[in-house]
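Here the structure is laid out as structure tokens; the discussion comes afterwards.
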Amino acid sequence: MSVAPLSPEEIEDRLAELPGWSLAGDRLARTYRLGSHFAATALVVHIAQTQEELNHHSDLTLGYDTVSLTLSTHSAGGAVTEKDFELARRVEALAPGHGAG
């Protein structure tokens with residue numbers, strides 16, 4: 001998977017396919033609200049497993065009933081790359097199974 005930085009246009013095009021995600025400064029960002037602390041913790045564990053599978057680790061924050069992510073690619077100097085969008089797509093696929101909204 002490419003670690004070349006994406007252009008602002010490429011980022012905007014890909015964001016259109018990921019409702020709820022946005023560009024926060026120079027990173028992709030999303031916060032999920034869940035029904036309980038246990039559900040939020042379970043989602044964090046599944047996101048961490050996905051990060052390991054992709055060998056792509058993001059900033060991940062657990063709140064009482066929230067999970068927040070900010071994504072950028074360290075090996076691309078902190079730019080947004082296709083790796084970030086792949087992780088975002090996988091997290092989007094996981095989130096509904098945990099009741100995330």
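FYI, nothing fancy with the structure tokens labels: chains A, B, ... in order, residues from 1 per chain, ligands from 1 as they appear.
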
Give me the residues within 12 Å of stretch 9-13 of chain A as a JSON list (two decimals) with all heavy atoms, in the first residue's frame, counting only C-alpha atoms and dropping any in the same chain fewer than 3 places off.
```json
[["chain", "number", "residue", "atom", "x", "y", "z"],
["A", 4, "ALA", "N", 2.76, 7.32, -0.16],
["A", 4, "ALA", "CA", 2.92, 8.65, -0.73],
["A", 4, "ALA", "C", 1.81, 9.56, -0.22],
["A", 4, "ALA", "O", 0.65, 9.15, -0.14],
["A", 4, "ALA", "CB", 2.86, 8.57, -2.26],
["A", 5, "PRO", "N", 2.14, 10.79, 0.16],
["A", 5, "PRO", "CA", 1.10, 11.71, 0.62],
["A", 5, "PRO", "C", 0.05, 11.94, -0.46],
["A", 5, "PRO", "O", 0.36, 12.01, -1.65],
["A", 5, "PRO", "CB", 1.88, 13.01, 0.89],
["A", 5, "PRO", "CG", 3.28, 12.57, 1.12],
["A", 5, "PRO", "CD", 3.48, 11.38, 0.22],
["A", 6, "LEU", "N", -1.19, 12.03, -0.02],
["A", 6, "LEU", "CA", -2.28, 12.31, -0.94],
["A", 6, "LEU", "C", -2.44, 13.82, -1.09],
["A", 6, "LEU", "O", -2.19, 14.58, -0.14],
["A", 6, "LEU", "CB", -3.59, 11.70, -0.42],
["A", 6, "LEU", "CG", -3.62, 10.18, -0.32],
["A", 6, "LEU", "CD1", -4.91, 9.72, 0.36],
["A", 6, "LEU", "CD2", -3.49, 9.54, -1.69],
["A", 16, "ALA", "N", -15.35, 11.89, 1.02],
["A", 16, "ALA", "CA", -16.75, 11.84, 0.59],
["A", 16, "ALA", "C", -17.32, 10.43, 0.73],
["A", 16, "ALA", "O", -18.54, 10.26, 0.88],
["A", 16, "ALA", "CB", -16.87, 12.33, -0.85],
["A", 17, "GLU", "N", -16.46, 9.43, 0.73],
["A", 17, "GLU", "CA", -16.89, 8.03, 0.86],
["A", 17, "GLU", "C", -16.93, 7.57, 2.31],
["A", 17, "GLU", "O", -17.29, 6.43, 2.58],
["A", 17, "GLU", "CB", -15.93, 7.14, 0.07],
["A", 17, "GLU", "CG", -15.88, 7.46, -1.41],
["A", 17, "GLU", "CD", -14.73, 6.78, -2.12],
["A", 17, "GLU", "OE1", -13.99, 5.98, -1.49],
["A", 17, "GLU", "OE2", -14.54, 7.06, -3.31],
["A", 18, "LEU", "N", -16.55, 8.45, 3.25],
["A", 18, "LEU", "CA", -16.49, 8.08, 4.67],
["A", 18, "LEU", "C", -17.24, 9.10, 5.52],
["A", 18, "LEU", "O", -16.64, 9.95, 6.19],
["A", 18, "LEU", "CB", -15.02, 7.99, 5.13],
["A", 18, "LEU", "CG", -14.21, 6.83, 4.61],
["A", 18, "LEU", "CD1", -12.73, 7.03, 4.94],
["A", 18, "LEU", "CD2", -14.71, 5.52, 5.21],
["A", 19, "PRO", "N", -18.56, 9.03, 5.52],
["A", 19, "PRO", "CA", -19.34, 9.97, 6.34],
["A", 19, "PRO", "C", -18.90, 9.89, 7.81],
["A", 19, "PRO", "O", -18.62, 8.81, 8.33],
["A", 19, "PRO", "CB", -20.78, 9.48, 6.19],
["A", 19, "PRO", "CG", -20.78, 8.69, 4.91],
["A", 19, "PRO", "CD", -19.41, 8.09, 4.80],
["A", 21, "TRP", "N", -16.14, 11.15, 8.99],
["A", 21, "TRP", "CA", -14.71, 11.43, 9.04],
["A", 21, "TRP", "C", -14.47, 12.83, 8.50],
["A", 21, "TRP", "O", -15.20, 13.31, 7.63],
["A", 21, "TRP", "CB", -13.93, 10.42, 8.20],
["A", 21, "TRP", "CG", -13.84, 9.08, 8.86],
["A", 21, "TRP", "CD1", -14.77, 8.09, 8.80],
["A", 21, "TRP", "CD2", -12.79, 8.60, 9.69],
["A", 21, "TRP", "NE1", -14.35, 7.00, 9.54],
["A", 21, "TRP", "CE2", -13.14, 7.30, 10.10],
["A", 21, "TRP", "CE3", -11.58, 9.14, 10.12],
["A", 21, "TRP", "CZ2", -12.32, 6.53, 10.93],
["A", 21, "TRP", "CZ3", -10.77, 8.38, 10.94],
["A", 21, "TRP", "CH2", -11.14, 7.09, 11.34],
["A", 22, "SER", "N", -13.44, 13.50, 9.01],
["A", 22, "SER", "CA", -13.11, 14.84, 8.54],
["A", 22, "SER", "C", -11.60, 15.03, 8.57],
["A", 22, "SER", "O", -10.87, 14.19, 9.11],
["A", 22, "SER", "CB", -13.79, 15.89, 9.42],
["A", 22, "SER", "OG", -13.31, 15.80, 10.75],
["A", 23, "LEU", "N", -11.18, 16.13, 8.02],
["A", 23, "LEU", "CA", -9.78, 16.50, 8.07],
["A", 23, "LEU", "C", -9.64, 17.50, 9.21],
["A", 23, "LEU", "O", -10.30, 18.54, 9.23],
["A", 23, "LEU", "CB", -9.34, 17.12, 6.74],
["A", 23, "LEU", "CG", -7.86, 17.28, 6.51],
["A", 23, "LEU", "CD1", -7.16, 15.92, 6.56],
["A", 23, "LEU", "CD2", -7.59, 17.95, 5.18],
["A", 24, "ALA", "N", -8.85, 17.15, 10.21],
["A", 24, "ALA", "CA", -8.60, 18.01, 11.35],
["A", 24, "ALA", "C", -7.14, 18.42, 11.30],
["A", 24, "ALA", "O", -6.25, 17.63, 11.64],
["A", 24, "ALA", "CB", -8.91, 17.27, 12.65],
["A", 26, "ASP", "N", -3.94, 18.38, 9.70],
["A", 26, "ASP", "CA", -3.33, 17.54, 8.66],
["A", 26, "ASP", "C", -3.57, 16.06, 8.93],
["A", 26, "ASP", "O", -2.81, 15.21, 8.49],
["A", 26, "ASP", "CB", -1.83, 17.84, 8.56],
["A", 26, "ASP", "CG", -1.09, 17.60, 9.87],
["A", 26, "ASP", "OD1", -1.76, 17.35, 10.90],
["A", 26, "ASP", "OD2", 0.15, 17.67, 9.88],
["A", 27, "ARG", "N", -4.67, 15.74, 9.65],
["A", 27, "ARG", "CA", -4.98, 14.35, 9.99],
["A", 27, "ARG", "C", -6.44, 14.04, 9.71],
["A", 27, "ARG", "O", -7.29, 14.92, 9.78],
["A", 27, "ARG", "CB", -4.72, 14.09, 11.47],
["A", 27, "ARG", "CG", -3.28, 14.27, 11.88],
["A", 27, "ARG", "CD", -3.17, 14.24, 13.38],
["A", 27, "ARG", "NE", -1.77, 14.30, 13.76],
["A", 27, "ARG", "CZ", -1.12, 13.29, 14.29],
["A", 27, "ARG", "NH1", -1.72, 12.15, 14.54],
["A", 27, "ARG", "NH2", 0.15, 13.41, 14.60],
["A", 28, "LEU", "N", -6.71, 12.77, 9.44],
["A", 28, "LEU", "CA", -8.10, 12.32, 9.38],
["A", 28, "LEU", "C", -8.58, 12.13, 10.81],
["A", 28, "LEU", "O", -7.80, 11.70, 11.68],
["A", 28, "LEU", "CB", -8.20, 10.98, 8.65],
["A", 28, "LEU", "CG", -7.74, 10.94, 7.21],
["A", 28, "LEU", "CD1", -7.99, 9.54, 6.63],
["A", 28, "LEU", "CD2", -8.44, 11.99, 6.37],
["A", 72, "SER", "N", -2.69, 9.65, 10.53],
["A", 72, "SER", "CA", -1.71, 10.15, 9.57],
["A", 72, "SER", "C", -0.62, 9.08, 9.49],
["A", 72, "SER", "O", -0.60, 8.16, 10.30],
["A", 72, "SER", "CB", -1.13, 11.50, 10.00],
["A", 72, "SER", "OG", -0.36, 11.37, 11.17],
["A", 79, "ALA", "N", 1.92, 12.94, 6.90],
["A", 79, "ALA", "CA", 0.91, 13.26, 5.89],
["A", 79, "ALA", "C", -0.17, 12.18, 5.87],
["A", 79, "ALA", "O", 0.01, 11.08, 6.37],
["A", 79, "ALA", "CB", 1.57, 13.37, 4.51],
["A", 80, "VAL", "N", -1.29, 12.51, 5.25],
["A", 80, "VAL", "CA", -2.36, 11.54, 5.04],
["A", 80, "VAL", "C", -2.05, 10.76, 3.77],
["A", 80, "VAL", "O", -1.74, 11.33, 2.73],
["A", 80, "VAL", "CB", -3.74, 12.24, 4.93],
["A", 80, "VAL", "CG1", -4.83, 11.24, 4.56],
["A", 80, "VAL", "CG2", -4.08, 12.95, 6.24],
["A", 81, "THR", "N", -2.14, 9.42, 3.88],
["A", 81, "THR", "CA", -1.86, 8.53, 2.76],
["A", 81, "THR", "C", -3.00, 7.53, 2.60],
["A", 81, "THR", "O", -3.93, 7.50, 3.41],
["A", 81, "THR", "CB", -0.55, 7.75, 2.97],
["A", 81, "THR", "OG1", -0.75, 6.79, 4.02],
["A", 81, "THR", "CG2", 0.62, 8.66, 3.31],
["A", 82, "GLU", "N", -2.88, 6.68, 1.61],
["A", 82, "GLU", "CA", -3.88, 5.64, 1.39],
["A", 82, "GLU", "C", -3.95, 4.69, 2.59],
["A", 82, "GLU", "O", -5.01, 4.14, 2.88],
["A", 82, "GLU", "CB", -3.58, 4.87, 0.11],
["A", 82, "GLU", "CG", -4.63, 3.86, -0.28],
["A", 82, "GLU", "CD", -6.03, 4.45, -0.40],
["A", 82, "GLU", "OE1", -6.17, 5.57, -0.96],
["A", 82, "GLU", "OE2", -6.99, 3.80, 0.07],
["A", 83, "LYS", "N", -2.84, 4.51, 3.30],
["A", 83, "LYS", "CA", -2.86, 3.66, 4.50],
["A", 83, "LYS", "C", -3.86, 4.18, 5.53],
["A", 83, "LYS", "O", -4.53, 3.39, 6.20],
["A", 83, "LYS", "CB", -1.46, 3.59, 5.14],
["A", 83, "LYS", "CG", -0.46, 2.77, 4.35],
["A", 83, "LYS", "CD", 0.88, 2.72, 5.04],
["A", 83, "LYS", "CE", 0.80, 1.70, 6.16],
["A", 83, "LYS", "NZ", 2.14, 1.36, 6.70],
["A", 84, "ASP", "N", -3.97, 5.48, 5.66],
["A", 84, "ASP", "CA", -4.90, 6.06, 6.62],
["A", 84, "ASP", "C", -6.35, 5.78, 6.20],
["A", 84, "ASP", "O", -7.19, 5.46, 7.04],
["A", 84, "ASP", "CB", -4.67, 7.56, 6.75],
["A", 84, "ASP", "CG", -3.25, 7.85, 7.21],
["A", 84, "ASP", "OD1", -2.87, 7.34, 8.27],
["A", 84, "ASP", "OD2", -2.53, 8.56, 6.48],
["A", 85, "PHE", "N", -6.61, 5.87, 4.92],
["A", 85, "PHE", "CA", -7.96, 5.60, 4.44],
["A", 85, "PHE", "C", -8.31, 4.12, 4.55],
["A", 85, "PHE", "O", -9.46, 3.78, 4.85],
["A", 85, "PHE", "CB", -8.17, 6.13, 3.02],
["A", 85, "PHE", "CG", -8.44, 7.61, 3.02],
["A", 85, "PHE", "CD1", -7.42, 8.51, 2.78],
["A", 85, "PHE", "CD2", -9.71, 8.10, 3.30],
["A", 85, "PHE", "CE1", -7.67, 9.88, 2.80],
["A", 85, "PHE", "CE2", -9.97, 9.46, 3.33],
["A", 85, "PHE", "CZ", -8.94, 10.36, 3.08]]
```

Need to verify the contact set: A:Thr50, 10 Å, only C-alpha atoms, exclusion of same-chain residues closer than 4 positions in sequence. Can you return it as an mmCIF file with N, CA, C and O atoms, in the first residue's frame?
```
data_model
loop_
_atom_site.group_PDB
_atom_site.id
_atom_site.type_symbol
_atom_site.label_atom_id
_atom_site.label_comp_id
_atom_site.auth_asym_id
_atom_site.auth_seq_id
_atom_site.Cartn_x
_atom_site.Cartn_y
_atom_site.Cartn_z
ATOM 1 N N VAL A 44 -12.065 -0.299 20.963
ATOM 2 C CA VAL A 44 -10.642 0.045 20.982
ATOM 3 C C VAL A 44 -9.789 -1.202 20.769
ATOM 4 O O VAL A 44 -8.824 -1.184 20.002
ATOM 5 N N VAL A 45 -10.150 -2.295 21.418
ATOM 6 C CA VAL A 45 -9.387 -3.537 21.264
ATOM 7 C C VAL A 45 -9.440 -4.010 19.809
ATOM 8 O O VAL A 45 -8.406 -4.385 19.234
ATOM 9 N N HIS A 46 -10.606 -3.950 19.191
ATOM 10 C CA HIS A 46 -10.709 -4.392 17.798
ATOM 11 C C HIS A 46 -9.976 -3.451 16.842
ATOM 12 O O HIS A 46 -9.380 -3.902 15.861
ATOM 13 N N LEU A 54 -2.540 -4.234 9.849
ATOM 14 C CA LEU A 54 -2.085 -3.317 8.801
ATOM 15 C C LEU A 54 -0.683 -2.764 9.065
ATOM 16 O O LEU A 54 -0.124 -2.082 8.207
ATOM 17 N N ASN A 55 -0.154 -3.031 10.263
ATOM 18 C CA ASN A 55 1.089 -2.408 10.688
ATOM 19 C C ASN A 55 1.016 -0.897 10.505
ATOM 20 O O ASN A 55 1.903 -0.257 9.945
ATOM 21 N N HIS A 56 -0.103 -0.347 10.970
ATOM 22 C CA HIS A 56 -0.357 1.091 10.842
ATOM 23 C C HIS A 56 -1.084 1.543 12.100
ATOM 24 O O HIS A 56 -2.241 1.211 12.311
ATOM 25 N N HIS A 57 -0.390 2.287 12.935
ATOM 26 C CA HIS A 57 -0.906 2.631 14.254
ATOM 27 C C HIS A 57 -1.235 4.111 14.329
ATOM 28 O O HIS A 57 -0.413 4.947 13.976
ATOM 29 N N LEU A 87 -7.230 2.115 6.910
ATOM 30 C CA LEU A 87 -7.554 1.915 8.320
ATOM 31 C C LEU A 87 -8.918 2.511 8.639
ATOM 32 O O LEU A 87 -9.731 1.877 9.322
ATOM 33 N N ARG A 90 -11.659 0.209 7.460
ATOM 34 C CA ARG A 90 -11.786 -0.981 8.311
ATOM 35 C C ARG A 90 -12.434 -0.655 9.651
ATOM 36 O O ARG A 90 -13.229 -1.434 10.165
ATOM 37 N N VAL A 91 -12.111 0.490 10.207
ATOM 38 C CA VAL A 91 -12.745 0.897 11.462
ATOM 39 C C VAL A 91 -14.232 1.132 11.230
ATOM 40 O O VAL A 91 -15.070 0.734 12.041
ATOM 41 N N LEU A 94 -15.989 -2.073 11.428
ATOM 42 C CA LEU A 94 -16.049 -2.619 12.780
ATOM 43 C C LEU A 94 -17.067 -1.918 13.668
ATOM 44 O O LEU A 94 -17.725 -2.553 14.506
#
```

Q: Would you mind writing down, as number ranges by chain, each residue of chain A that DSSP on the backbone assigns to strand (DSSP E)?
A: A: 22-24, 27-33, 59-62, 66-71

Q: Find, counting only C-alpha atoms, the residue in A:Ile47, A:Ala29, A:Ala39, A:Leu34 that gets nearest to A:Ala100.
A: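 Closest residue, counting only C-alpha atoms: A:Leu34.
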
**Q.** DSSP helix (DSSP H, G or I) residues within chain A, as a VMD selection string
**A.** chain A and resid 8 to 15 37 to 54 74 to 76 82 to 98

Q: Identify which of the residues A:Ala76, A:Val3, A:Ala95, A:Leu71 lies closest to A:Gly25, counting only C-alpha atoms when measuring atom-to-atom distances.
A: A:Leu71

**Q.** A:Arg33 surroundings by only C-alpha atoms, 6 Å radius, close-in-sequence under 5 positions cut, as a PyMOL selection string
**A.** chain A and resi 65-66+100-101

Q | Straight-line distance linking atom CA of A:Leu43 with atom CA of A:Ser75, stated in Å to one decimal | A |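 Computing it gives 25.6 Å between the two atoms.
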